[in-house]
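Here is the structure we will look at.
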Amino acid sequence: MSGKVYIVGAGPGNFELLTLKAYRILNEADVILYDRLVGEEIEEFLRSLKGKEVIYVGKERGERGEKRQQEINRLMKKYATEGKVVVRLKGGDPGVFGRLAEEMEFLFNNNIPFEVVPGVSSVNAAPVSSNIPLTHPEAGFGFLVVSGRDTVRLNELIGSGTMIVLMGGCTAKEVALNLIKSGINPETEVAVIERGSFKDQRVTFSTVKSLTEVEFDFKSPALIVIGDIVKLAKKYSRLIGLDKIRDRKI
Ligand SMILES: C[S@@+](CC[C@H](N)C(=O)[O-])C[C@H]1O[C@@H](n2cnc3c(N)ncnc32)[C@H](O)[C@@H]1O
């Protein structure tokens, strides 16, 4: 007998940003396989659920993703073939840099029924909870979401919209250098949001040029918003709380 796997987005880390559907399915599950990015509040909630197997399957720093993915696939298959309801819980939305395609392909090839449950992505949650709209009639007609792990390819995507770089906290300097090489105005505004939506969220305002010159040590998870739209957030920034913002333009 085959059970079912739910691939569920947990949102950006704030417990109240977990969807009602995710909450219901987590309560109904037999087994929960969760990632590091789900954050402490949600992890605490998972640990409080009774009568379930709750298994951490997050990648450790420096660990190769493929090996970990094989182990996750093995666990999903094992429990589903035992007839269990399995939740594969991921940070943010599973469709945004979340290996969703790989996991669906694996489940499909193994005839395991599955359903995907979207989550609130850090793409919108971190900027919007820092007073940064993603679109604006004058300051940004659209936005791009890219990976900071592929800094050289950024030039394929540069335009006049807002750019959101995920996984760029540790590569921020490289991202900025490549953007300048690709022709972006070095004075373009930047906001780096660490732990967006968590209680200790922090926003650093800067420019592309300053990112290349100041040594920052951003706490994970962090994402970078690049574009004129960041100016708006500065105007409202004191509402976030002064202890939670830094203005580092040099
Ligand atoms: C592998 S990607 C997964 C993205 C996730 N699926 C989503 O929709 O948010 C991980 C990156 O998402 C960003 N991220 C996730 N949660 C965040 C948060 N609470 N605050 C800021 N950035 C976050 C960081 O850039 C991090 O390196």
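In the structure tokens, chains take letters A, B, ... by order of appearance, with residues numbered from 1 within each chain and ligands from 1 in the order shown.
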Residues contacting ligand 1 - anything with an atom at most 7 Å away, using only C-alpha atoms and all ligand atoms - can you give me those as an mmCIF file with N, CA and C atoms, in the first residue's frame?
```
data_model
loop_
_atom_site.group_PDB
_atom_site.id
_atom_site.type_symbol
_atom_site.label_atom_id
_atom_site.label_comp_id
_atom_site.auth_asym_id
_atom_site.auth_seq_id
_atom_site.Cartn_x
_atom_site.Cartn_y
_atom_site.Cartn_z
ATOM 1 N N GLY A 11 6.980 28.687 4.551
ATOM 2 C CA GLY A 11 7.086 30.144 4.697
ATOM 3 C C GLY A 11 8.489 30.529 5.134
ATOM 4 N N PRO A 12 8.703 31.838 5.351
ATOM 5 C CA PRO A 12 10.065 32.346 5.554
ATOM 6 C C PRO A 12 10.621 32.153 6.970
ATOM 7 N N GLY A 13 9.832 31.620 7.892
ATOM 8 C CA GLY A 13 10.395 31.357 9.222
ATOM 9 C C GLY A 13 9.503 31.805 10.365
ATOM 10 N N LEU A 37 16.003 25.661 6.883
ATOM 11 C CA LEU A 37 15.420 26.990 6.678
ATOM 12 C C LEU A 37 14.037 27.183 7.290
ATOM 13 N N LYS A 90 9.691 22.374 3.505
ATOM 14 C CA LYS A 90 10.813 23.190 3.026
ATOM 15 C C LYS A 90 10.620 24.652 3.388
ATOM 16 N N GLY A 91 11.707 25.395 3.495
ATOM 17 C CA GLY A 91 11.619 26.829 3.779
ATOM 18 C C GLY A 91 10.984 27.578 2.619
ATOM 19 N N GLY A 92 10.212 28.598 2.913
ATOM 20 C CA GLY A 92 9.631 29.457 1.870
ATOM 21 C C GLY A 92 8.635 28.709 1.022
ATOM 22 N N ASP A 93 8.778 28.856 -0.291
ATOM 23 C CA ASP A 93 7.934 28.133 -1.246
ATOM 24 C C ASP A 93 8.787 27.051 -1.890
ATOM 25 N N PRO A 94 8.244 25.831 -2.021
ATOM 26 C CA PRO A 94 9.076 24.742 -2.562
ATOM 27 C C PRO A 94 9.498 24.952 -4.019
ATOM 28 N N GLY A 95 8.773 25.847 -4.730
ATOM 29 C CA GLY A 95 9.080 26.051 -6.151
ATOM 30 C C GLY A 95 10.159 27.084 -6.403
ATOM 31 N N VAL A 96 10.709 27.686 -5.337
ATOM 32 C CA VAL A 96 11.741 28.713 -5.520
ATOM 33 C C VAL A 96 13.054 28.179 -4.956
ATOM 34 N N PHE A 97 13.973 27.808 -5.825
ATOM 35 C CA PHE A 97 15.257 27.211 -5.430
ATOM 36 C C PHE A 97 15.068 26.149 -4.342
ATOM 37 N N GLY A 98 14.084 25.275 -4.552
ATOM 38 C CA GLY A 98 13.757 24.298 -3.513
ATOM 39 C C GLY A 98 13.819 22.850 -3.988
ATOM 40 N N VAL A 120 4.632 30.813 1.613
ATOM 41 C CA VAL A 120 5.002 32.218 1.414
ATOM 42 C C VAL A 120 6.509 32.243 1.197
ATOM 43 N N SER A 121 6.932 32.743 0.045
ATOM 44 C CA SER A 121 8.365 32.729 -0.257
ATOM 45 C C SER A 121 9.087 33.900 0.408
ATOM 46 N N SER A 122 10.364 33.691 0.729
ATOM 47 C CA SER A 122 11.178 34.809 1.233
ATOM 48 C C SER A 122 11.283 35.890 0.166
ATOM 49 N N VAL A 123 11.075 35.508 -1.096
ATOM 50 C CA VAL A 123 11.167 36.473 -2.199
ATOM 51 C C VAL A 123 10.253 37.667 -1.935
ATOM 52 N N ALA A 126 10.420 38.675 2.808
ATOM 53 C CA ALA A 126 11.492 39.460 3.434
ATOM 54 C C ALA A 126 11.429 40.933 2.999
ATOM 55 N N VAL A 165 18.215 38.716 -5.062
ATOM 56 C CA VAL A 165 19.240 37.676 -5.117
ATOM 57 C C VAL A 165 19.109 36.780 -3.890
ATOM 58 N N LEU A 166 18.753 35.517 -4.096
ATOM 59 C CA LEU A 166 18.724 34.551 -2.998
ATOM 60 C C LEU A 166 20.094 33.886 -2.912
ATOM 61 N N MET A 167 20.416 33.349 -1.740
ATOM 62 C CA MET A 167 21.680 32.649 -1.512
ATOM 63 C C MET A 167 22.878 33.550 -1.831
ATOM 64 N N GLY A 168 22.743 34.860 -1.584
ATOM 65 C CA GLY A 168 23.801 35.797 -1.930
ATOM 66 C C GLY A 168 24.425 36.456 -0.705
ATOM 67 N N GLY A 169 24.024 36.019 0.502
ATOM 68 C CA GLY A 169 24.585 36.621 1.719
ATOM 69 C C GLY A 169 26.096 36.493 1.768
ATOM 70 N N ILE A 193 18.523 41.822 3.555
ATOM 71 C CA ILE A 193 17.602 41.464 4.641
ATOM 72 C C ILE A 193 18.029 40.125 5.228
ATOM 73 N N GLU A 194 18.432 40.167 6.501
ATOM 74 C CA GLU A 194 18.826 38.931 7.187
ATOM 75 C C GLU A 194 17.642 38.430 7.998
ATOM 76 N N ARG A 195 17.411 37.145 7.953
ATOM 77 C CA ARG A 195 16.351 36.496 8.731
ATOM 78 C C ARG A 195 14.997 37.219 8.577
ATOM 79 N N GLY A 196 14.636 37.490 7.323
ATOM 80 C CA GLY A 196 13.382 38.173 7.018
ATOM 81 C C GLY A 196 12.197 37.467 7.652
ATOM 82 N N SER A 197 11.336 38.222 8.344
ATOM 83 C CA SER A 197 10.111 37.768 9.003
ATOM 84 C C SER A 197 10.371 37.134 10.375
ATOM 85 N N PHE A 198 11.612 36.805 10.709
ATOM 86 C CA PHE A 198 11.915 36.324 12.065
ATOM 87 C C PHE A 198 11.871 37.539 13.001
ATOM 88 N N SER A 220 22.795 34.152 8.105
ATOM 89 C CA SER A 220 21.963 33.344 7.228
ATOM 90 C C SER A 220 20.602 33.056 7.897
ATOM 91 N N PRO A 221 19.490 32.996 7.135
ATOM 92 C CA PRO A 221 19.396 33.255 5.700
ATOM 93 C C PRO A 221 19.279 34.751 5.405
ATOM 94 N N ALA A 222 19.895 35.150 4.291
ATOM 95 C CA ALA A 222 19.827 36.558 3.893
ATOM 96 C C ALA A 222 19.530 36.651 2.405
ATOM 97 N N LEU A 223 18.816 37.695 2.017
ATOM 98 C CA LEU A 223 18.640 37.950 0.580
ATOM 99 C C LEU A 223 18.891 39.415 0.296
#
```
Shell around A:Ser160 at 9 Å using only C-alpha atoms, local window under 5 positions removed, as a PyMOL selection string: chain A and resi 139-143+184+227-228
Contacts of A:Glu40 at 10 Å (only C-alpha atoms; same-chain gap of 4+ positions) as a PyMOL selection string: chain A and resi 13-15+36+44-46+198
Can those selected residues be exported to a file as a PDB file, in the first residue's frame so that it contains N, CA and C atoms?
```pdb
ATOM      1  N   GLY A  13       9.832  31.620   7.892  1.00  0.00           N
ATOM      2  CA  GLY A  13      10.395  31.357   9.222  1.00  0.00           C
ATOM      3  C   GLY A  13       9.503  31.805  10.365  1.00  0.00           C
ATOM      4  N   ASN A  14       8.660  32.814  10.115  1.00  0.00           N
ATOM      5  CA  ASN A  14       7.751  33.303  11.141  1.00  0.00           C
ATOM      6  C   ASN A  14       6.568  32.332  11.234  1.00  0.00           C
ATOM      7  N   PHE A  15       6.295  31.848  12.449  1.00  0.00           N
ATOM      8  CA  PHE A  15       5.261  30.814  12.596  1.00  0.00           C
ATOM      9  C   PHE A  15       3.915  31.253  12.007  1.00  0.00           C
ATOM     10  N   ARG A  36      16.572  22.938   7.299  1.00  0.00           N
ATOM     11  CA  ARG A  36      17.102  23.944   8.222  1.00  0.00           C
ATOM     12  C   ARG A  36      16.358  25.282   8.119  1.00  0.00           C
ATOM     13  N   GLU A  44      10.116  24.204  16.663  1.00  0.00           N
ATOM     14  CA  GLU A  44       9.565  24.009  18.016  1.00  0.00           C
ATOM     15  C   GLU A  44       8.134  23.454  17.930  1.00  0.00           C
ATOM     16  N   PHE A  45       7.359  24.011  16.998  1.00  0.00           N
ATOM     17  CA  PHE A  45       5.987  23.529  16.801  1.00  0.00           C
ATOM     18  C   PHE A  45       6.002  22.058  16.364  1.00  0.00           C
ATOM     19  N   LEU A  46       6.906  21.707  15.438  1.00  0.00           N
ATOM     20  CA  LEU A  46       6.974  20.317  14.949  1.00  0.00           C
ATOM     21  C   LEU A  46       7.281  19.372  16.101  1.00  0.00           C
ATOM     22  N   PHE A 198      11.612  36.805  10.709  1.00  0.00           N
ATOM     23  CA  PHE A 198      11.915  36.324  12.065  1.00  0.00           C
ATOM     24  C   PHE A 198      11.871  37.539  13.001  1.00  0.00           C
TER      25      PHE A 198
END
```
Contact residues around stretch 63-78 of chain A with only C-alpha atoms at 12 Å, ignoring same-chain residues under 2 positions, as a VMD selection string: chain A and resid 1 to 7 30 to 35 53 to 61 80 to 90 98 to 100 102 to 114
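For the pair atom CA of A:Ile164 and atom CA of A:Ile226, the interatomic distance is 6.4 Å.
In this comparison, which uses only C-alpha atoms, the residue of A:Leu179, A:Leu211, A:Val38, A:Ile229 approaching A:Asp150 most closely is A:Leu179.
Between A:Asn27 and the residues A:Cys170, A:Leu49, A:Glu213, A:Gly183, the shortest atom-to-atom distance, using only C-alpha atoms, involves A:Leu49.
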Secondary structure check, strand (DSSP E or B) residues of stretch 118-240 of chain A, as number ranges by chain: A: 136, 140, 143-147, 162-166, 189-194, 202-207, 222-226
DSSP on the backbone: what in stretch 6-247 of chain A comes out alpha helix (DSSP H), as a PDB file with C-alpha atoms, in the first residue's frame?
```pdb
ATOM      1  CA  LEU A  20      -3.556  27.115   7.244  1.00  0.00           C
ATOM      2  CA  LYS A  21      -3.264  24.267   4.739  1.00  0.00           C
ATOM      3  CA  ALA A  22       0.315  23.529   5.792  1.00  0.00           C
ATOM      4  CA  TYR A  23      -0.783  23.617   9.451  1.00  0.00           C
ATOM      5  CA  ARG A  24      -3.617  21.129   8.811  1.00  0.00           C
ATOM      6  CA  ILE A  25      -1.434  18.723   6.824  1.00  0.00           C
ATOM      7  CA  LEU A  26       1.328  18.833   9.449  1.00  0.00           C
ATOM      8  CA  ASN A  27      -1.259  17.873  12.069  1.00  0.00           C
ATOM      9  CA  GLU A  28      -2.446  14.946   9.935  1.00  0.00           C
ATOM     10  CA  GLU A  40      13.307  27.713  15.135  1.00  0.00           C
ATOM     11  CA  GLU A  41       9.651  28.700  15.724  1.00  0.00           C
ATOM     12  CA  ILE A  42       8.330  26.124  13.290  1.00  0.00           C
ATOM     13  CA  GLU A  43      10.825  23.512  14.457  1.00  0.00           C
ATOM     14  CA  GLU A  44       9.565  24.009  18.016  1.00  0.00           C
ATOM     15  CA  PHE A  45       5.987  23.529  16.801  1.00  0.00           C
ATOM     16  CA  LEU A  46       6.974  20.317  14.949  1.00  0.00           C
ATOM     17  CA  ARG A  47       8.624  18.961  18.076  1.00  0.00           C
ATOM     18  CA  SER A  48       5.428  19.638  20.069  1.00  0.00           C
ATOM     19  CA  GLY A  65      23.580  18.480  -1.867  1.00  0.00           C
ATOM     20  CA  GLU A  66      23.341  15.312  -3.986  1.00  0.00           C
ATOM     21  CA  LYS A  67      24.179  12.930  -1.145  1.00  0.00           C
ATOM     22  CA  ARG A  68      21.644  14.546   1.166  1.00  0.00           C
ATOM     23  CA  GLN A  69      19.013  14.513  -1.586  1.00  0.00           C
ATOM     24  CA  GLN A  70      19.494  10.760  -2.086  1.00  0.00           C
ATOM     25  CA  GLU A  71      18.894  10.217   1.613  1.00  0.00           C
ATOM     26  CA  ILE A  72      15.735  12.376   1.528  1.00  0.00           C
ATOM     27  CA  ASN A  73      14.461  10.413  -1.494  1.00  0.00           C
ATOM     28  CA  ARG A  74      15.155   7.147   0.299  1.00  0.00           C
ATOM     29  CA  LEU A  75      13.185   8.267   3.363  1.00  0.00           C
ATOM     30  CA  MET A  76      10.226   9.563   1.324  1.00  0.00           C
ATOM     31  CA  LYS A  77      10.031   6.226  -0.505  1.00  0.00           C
ATOM     32  CA  LYS A  78      10.466   4.102   2.614  1.00  0.00           C
ATOM     33  CA  TYR A  79       7.670   5.793   4.569  1.00  0.00           C
ATOM     34  CA  ALA A  80       5.291   6.189   1.622  1.00  0.00           C
ATOM     35  CA  THR A  81       5.565   2.476   0.769  1.00  0.00           C
ATOM     36  CA  LEU A 100      10.874  20.822  -6.310  1.00  0.00           C
ATOM     37  CA  ALA A 101      11.336  19.463  -9.844  1.00  0.00           C
ATOM     38  CA  GLU A 102      13.833  16.826  -8.654  1.00  0.00           C
ATOM     39  CA  GLU A 103      11.590  15.580  -5.866  1.00  0.00           C
ATOM     40  CA  MET A 104       8.452  15.454  -8.046  1.00  0.00           C
ATOM     41  CA  GLU A 105      10.402  13.513 -10.693  1.00  0.00           C
ATOM     42  CA  PHE A 106      11.601  11.014  -8.084  1.00  0.00           C
ATOM     43  CA  LEU A 107       8.090  10.491  -6.657  1.00  0.00           C
ATOM     44  CA  PHE A 108       6.570  10.208 -10.132  1.00  0.00           C
ATOM     45  CA  ASN A 109       9.168   7.626 -11.240  1.00  0.00           C
ATOM     46  CA  SER A 122      11.178  34.809   1.233  1.00  0.00           C
ATOM     47  CA  VAL A 123      11.167  36.473  -2.199  1.00  0.00           C
ATOM     48  CA  ASN A 124       8.155  38.538  -1.187  1.00  0.00           C
ATOM     49  CA  ALA A 125       8.065  38.026   2.585  1.00  0.00           C
ATOM     50  CA  ALA A 126      11.492  39.460   3.434  1.00  0.00           C
ATOM     51  CA  PRO A 127      11.242  42.646   1.306  1.00  0.00           C
ATOM     52  CA  VAL A 128       7.587  43.375   2.094  1.00  0.00           C
ATOM     53  CA  ALA A 172      27.365  39.704  -1.790  1.00  0.00           C
ATOM     54  CA  LYS A 173      30.692  41.254  -2.781  1.00  0.00           C
ATOM     55  CA  GLU A 174      31.023  39.026  -5.846  1.00  0.00           C
ATOM     56  CA  VAL A 175      27.411  39.713  -6.815  1.00  0.00           C
ATOM     57  CA  ALA A 176      28.052  43.471  -6.633  1.00  0.00           C
ATOM     58  CA  LEU A 177      31.346  43.273  -8.582  1.00  0.00           C
ATOM     59  CA  ASN A 178      29.686  41.302 -11.366  1.00  0.00           C
ATOM     60  CA  LEU A 179      26.727  43.666 -11.498  1.00  0.00           C
ATOM     61  CA  ILE A 180      29.105  46.631 -11.903  1.00  0.00           C
ATOM     62  CA  LYS A 181      31.041  44.762 -14.623  1.00  0.00           C
ATOM     63  CA  VAL A 208      26.066  48.228  -5.085  1.00  0.00           C
ATOM     64  CA  LYS A 209      29.413  50.067  -4.843  1.00  0.00           C
ATOM     65  CA  SER A 210      29.470  49.926  -1.025  1.00  0.00           C
ATOM     66  CA  LEU A 211      28.809  46.191  -1.097  1.00  0.00           C
ATOM     67  CA  THR A 212      32.132  45.824  -2.938  1.00  0.00           C
ATOM     68  CA  GLU A 213      33.997  48.005  -0.418  1.00  0.00           C
ATOM     69  CA  VAL A 230      14.780  50.396  -1.916  1.00  0.00           C
ATOM     70  CA  LYS A 231      14.655  54.216  -1.544  1.00  0.00           C
ATOM     71  CA  LEU A 232      11.026  53.893  -0.482  1.00  0.00           C
ATOM     72  CA  ALA A 233      11.902  51.517   2.298  1.00  0.00           C
ATOM     73  CA  LYS A 234      14.473  53.934   3.668  1.00  0.00           C
ATOM     74  CA  LYS A 235      11.752  56.550   4.068  1.00  0.00           C
ATOM     75  CA  TYR A 236       9.678  54.245   6.248  1.00  0.00           C
TER      76      TYR A 236
END
```
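Distance-wise, atom CA of A:Val192 and atom CA of A:Asn155 end up 19.8 Å apart.
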Spatial neighbours of A:Val225, 6 Å, only C-alpha atoms, chain gap at least 5 places, as a PyMOL selection string: chain A and resi 163-164+190-191
Expected file contents, prior selection, N, CA and C atoms, as a compact mmCIF listing (two decimals), in the first residue's frame:
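The resulting part_19.txt:
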```
# COMPACT_ATOMS: atom_id res chain seq x y z
N MET A 163 15.82 43.62 -8.59
CA MET A 163 16.42 42.29 -8.65
C MET A 163 16.50 41.72 -7.23
N ILE A 164 16.09 40.47 -7.07
CA ILE A 164 16.17 39.82 -5.75
C ILE A 164 17.18 38.68 -5.88
N VAL A 190 20.65 49.31 -2.48
CA VAL A 190 20.62 47.88 -2.12
C VAL A 190 20.08 47.75 -0.69
N ALA A 191 19.29 46.71 -0.45
CA ALA A 191 18.93 46.37 0.94
C ALA A 191 19.24 44.89 1.14
```
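Between A:Ser147 and the candidates A:Thr171, A:Thr207, A:Ala10, A:Thr162, the tightest atom-to-atom separation, counting only C-alpha atoms, involves A:Thr171.
We find atom CA of A:Thr135 and atom CA of A:Val203 to be spaced 18.7 Å apart.
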